[in-house]
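Student: Attaching a single structure in structure tokens format; questions to follow.
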Amino acid sequence: MLGLVGLALATALFAWNGIGPVIAAFAAAGLGILWASHFVSMVVNARAWQILVPSRRRGSLTFFLWAVWLREAVNGLLPVARIGGEVVSARLLMRHGLRTAKAVASLVVDMTVSLVSQFMFTLLGLVLLLMRGVDGGTATDIGLGLLAMVPLGGGIVIVQRFGLFTFLARLFRALFGDRFDVLVGGAEPLDRAVRRLYRRRAALIACFLWQLLGWAAGAGEIWLALRFLGHRANLVDALIIEAAIQALSSGAFVVPGAIGVQEGGFLAIGGLVGLTPELALALALARRARDIIVFLPALLFWQFSAGKRALTSA
């Protein structure tokens, strides 16, 4: 239902600002828009995740690239509240030979570090927006949203350090019996694995820095897309747009694909950095096209592989 509401909002935004001019601006980019293909960002994020896993049997960078590609494809194109991709990628690591506790723990810590790095990236975007001379009211709204994330992020880290999965096991046992333990192999081993990862400080710092580089690569995609759309934006404006859009998309995790929310974000933030409504929505359309072009093949290959395994086991 939220997806339908978001779709209606996105449609209304395109209709209100004129579908014809938006399509014309998007079509002007041609096949050049494919250069903003998200590949560099996925490679960087794959390296960030790979670093967290102890070297023994952790898999190659190519394997982690596939795991990140599939994770983002599931979260980006399916109605899974941006968590289904994590479940799928964790199962992929387990099939690759990584023990359940290590696979899930690495994913949980990677997600937590991602929250911290995204917070810092969004904070950087806010500072650059203020330096650009945006009105104080808009900056205050964004700043208050960032402040609201601080206790949430801190609470997530504290709960993980003191037994997140033991707490979840108690909750899920009350709701679903022993299914949680069957799925993850027991709560206490997971908590121990998470704590061990947090003790690897060098790996945590490296993961954080690689993820920051991944966010910056996303800004590069925005810059390239704007260039092909005919707008000579600078990298600072691209970084501001990417920081705001990623924060909005994460906040709207219950809306499939953040549809409607993302388009409204491009329209609002694009206006702050000098984009016309038509160009801002053409950029939003380019991001949607990128998601389909990049993520749909991963979903199709995943389903083909799953079906083949099912037929083989039968």
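Just so we're on the same page: first chain in the structure tokens is A, next is B, and so on; residues restart at 1 for each chain, and ligands are numbered from 1 in the order they show up.
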Residues within 6 Å of region 51-66 of chain A, please, as a list of chain:residue names. Count only C-alpha atoms; anything in the same chain fewer than 5 positions from it doesn't count.

Tutor: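 The filter keeps A:Val43, A:Ala46, A:Ala203.
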
Student: Write a file of the just-selected residues containing C-alpha atoms, as a PDB file, in the first residue's frame.

Tutor:
ATOM      1  CA  VAL A  43      33.065  -2.750  -5.915  1.00  0.00           C
ATOM      2  CA  ALA A  46      32.180  -5.168  -1.599  1.00  0.00           C
ATOM      3  CA  ALA A 203      39.170  -3.754  10.085  1.00  0.00           C
TER       4      ALA A 203
END

Student: Going by DSSP on the backbone, which bits of region 77-139 of chain A are alpha helix (DSSP H)? Write them as an mmCIF file with C-alpha atoms, in the first residue's frame, please.

Tutor:
data_model
loop_
_atom_site.group_PDB
_atom_site.id
_atom_site.type_symbol
_atom_site.label_atom_id
_atom_site.label_comp_id
_atom_site.auth_asym_id
_atom_site.auth_seq_id
_atom_site.Cartn_x
_atom_site.Cartn_y
_atom_site.Cartn_z
ATOM 1 C CA LEU A 77 13.519 -3.561 -6.584
ATOM 2 C CA GLY A 84 15.439 -8.702 2.489
ATOM 3 C CA GLY A 85 18.683 -8.128 0.612
ATOM 4 C CA GLU A 86 20.630 -8.664 3.829
ATOM 5 C CA VAL A 87 18.901 -11.999 4.429
ATOM 6 C CA VAL A 88 19.585 -13.161 0.867
ATOM 7 C CA SER A 89 23.247 -12.117 0.939
ATOM 8 C CA ALA A 90 23.798 -13.767 4.340
ATOM 9 C CA ARG A 91 22.458 -17.051 2.967
ATOM 10 C CA LEU A 92 24.782 -16.607 -0.018
ATOM 11 C CA LEU A 93 27.771 -16.369 2.321
ATOM 12 C CA MET A 94 26.644 -19.490 4.185
ATOM 13 C CA ARG A 95 26.320 -21.445 0.950
ATOM 14 C CA THR A 100 26.405 -18.995 10.023
ATOM 15 C CA ALA A 101 27.641 -16.943 12.979
ATOM 16 C CA LYS A 102 30.459 -15.336 10.984
ATOM 17 C CA ALA A 103 28.263 -14.651 7.949
ATOM 18 C CA VAL A 104 25.441 -12.984 9.883
ATOM 19 C CA ALA A 105 27.813 -11.136 12.231
ATOM 20 C CA SER A 106 29.798 -9.670 9.339
ATOM 21 C CA LEU A 107 26.571 -8.493 7.729
ATOM 22 C CA VAL A 108 25.256 -6.925 10.940
ATOM 23 C CA VAL A 109 28.496 -5.053 11.604
ATOM 24 C CA ASP A 110 28.717 -3.988 7.948
ATOM 25 C CA MET A 111 25.195 -2.552 8.189
ATOM 26 C CA THR A 112 26.046 -0.742 11.429
ATOM 27 C CA VAL A 113 29.223 0.771 10.007
ATOM 28 C CA SER A 114 27.162 1.751 6.961
ATOM 29 C CA LEU A 115 24.783 3.708 9.209
ATOM 30 C CA VAL A 116 27.710 5.563 10.786
ATOM 31 C CA SER A 117 29.409 6.292 7.467
ATOM 32 C CA GLN A 118 26.123 7.444 5.930
ATOM 33 C CA PHE A 119 25.574 9.775 8.883
ATOM 34 C CA MET A 120 29.016 11.315 8.343
ATOM 35 C CA PHE A 121 28.425 11.583 4.589
ATOM 36 C CA THR A 122 25.058 13.277 5.134
ATOM 37 C CA LEU A 123 26.662 15.612 7.666
ATOM 38 C CA LEU A 124 29.266 16.543 5.044
ATOM 39 C CA GLY A 125 26.464 17.212 2.561
ATOM 40 C CA LEU A 126 24.731 19.470 5.105
ATOM 41 C CA VAL A 127 27.925 21.452 5.732
ATOM 42 C CA LEU A 128 28.438 21.928 1.985
ATOM 43 C CA LEU A 129 24.806 22.985 1.637
ATOM 44 C CA LEU A 130 25.271 25.623 4.344
ATOM 45 C CA MET A 131 28.447 26.842 2.679
ATOM 46 C CA GLY A 136 18.592 28.475 7.462
ATOM 47 C CA GLY A 137 15.169 26.812 7.741
ATOM 48 C CA THR A 138 16.013 24.035 5.308
ATOM 49 C CA ALA A 139 19.399 23.443 6.913
#

Student: For a quick check of understanding, using only C-alpha atoms, which of A:Ala282, A:Val261, A:Phe208, A:Trp302 has the smallest distance to Leu70 (chain A)?

Tutor: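 Checking each candidate against Leu70 (chain A), we get A:Trp302 as the closest.
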
Student: Enter the distance from CA of Phe26 (chain A) to CA of Leu78 (chain A), in Å, rounded to one decimal.

Tutor: 24.5 Å

Student: Enter the distance from CA of Ala219 (chain A) to CA of Ala81 (chain A), in Å, rounded to one decimal.

Tutor: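 Distance between the two atoms: 23.7 Å.
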
Student: Measure the distance from CA of Gln50 (chain A) to CA of Arg309 (chain A) in Å and round it to one decimal.

Tutor: 25.8 Å

Student: Considering only C-alpha atoms, state which residue in the set A:Leu197, A:Cys207, A:Ala73, A:Ala258 is at the smallest distance from Ala48 (chain A).

Tutor: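 Smallest separation from Ala48 (chain A) among the options: A:Cys207.
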
Student: Let me make sure I understand: among A:Ile83, A:Ile205, A:Leu272, A:Leu279, which one has the smallest atom-to-atom distance to Val22 (chain A) if we use only C-alpha atoms?

Tutor: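 Closest candidate: A:Leu279.
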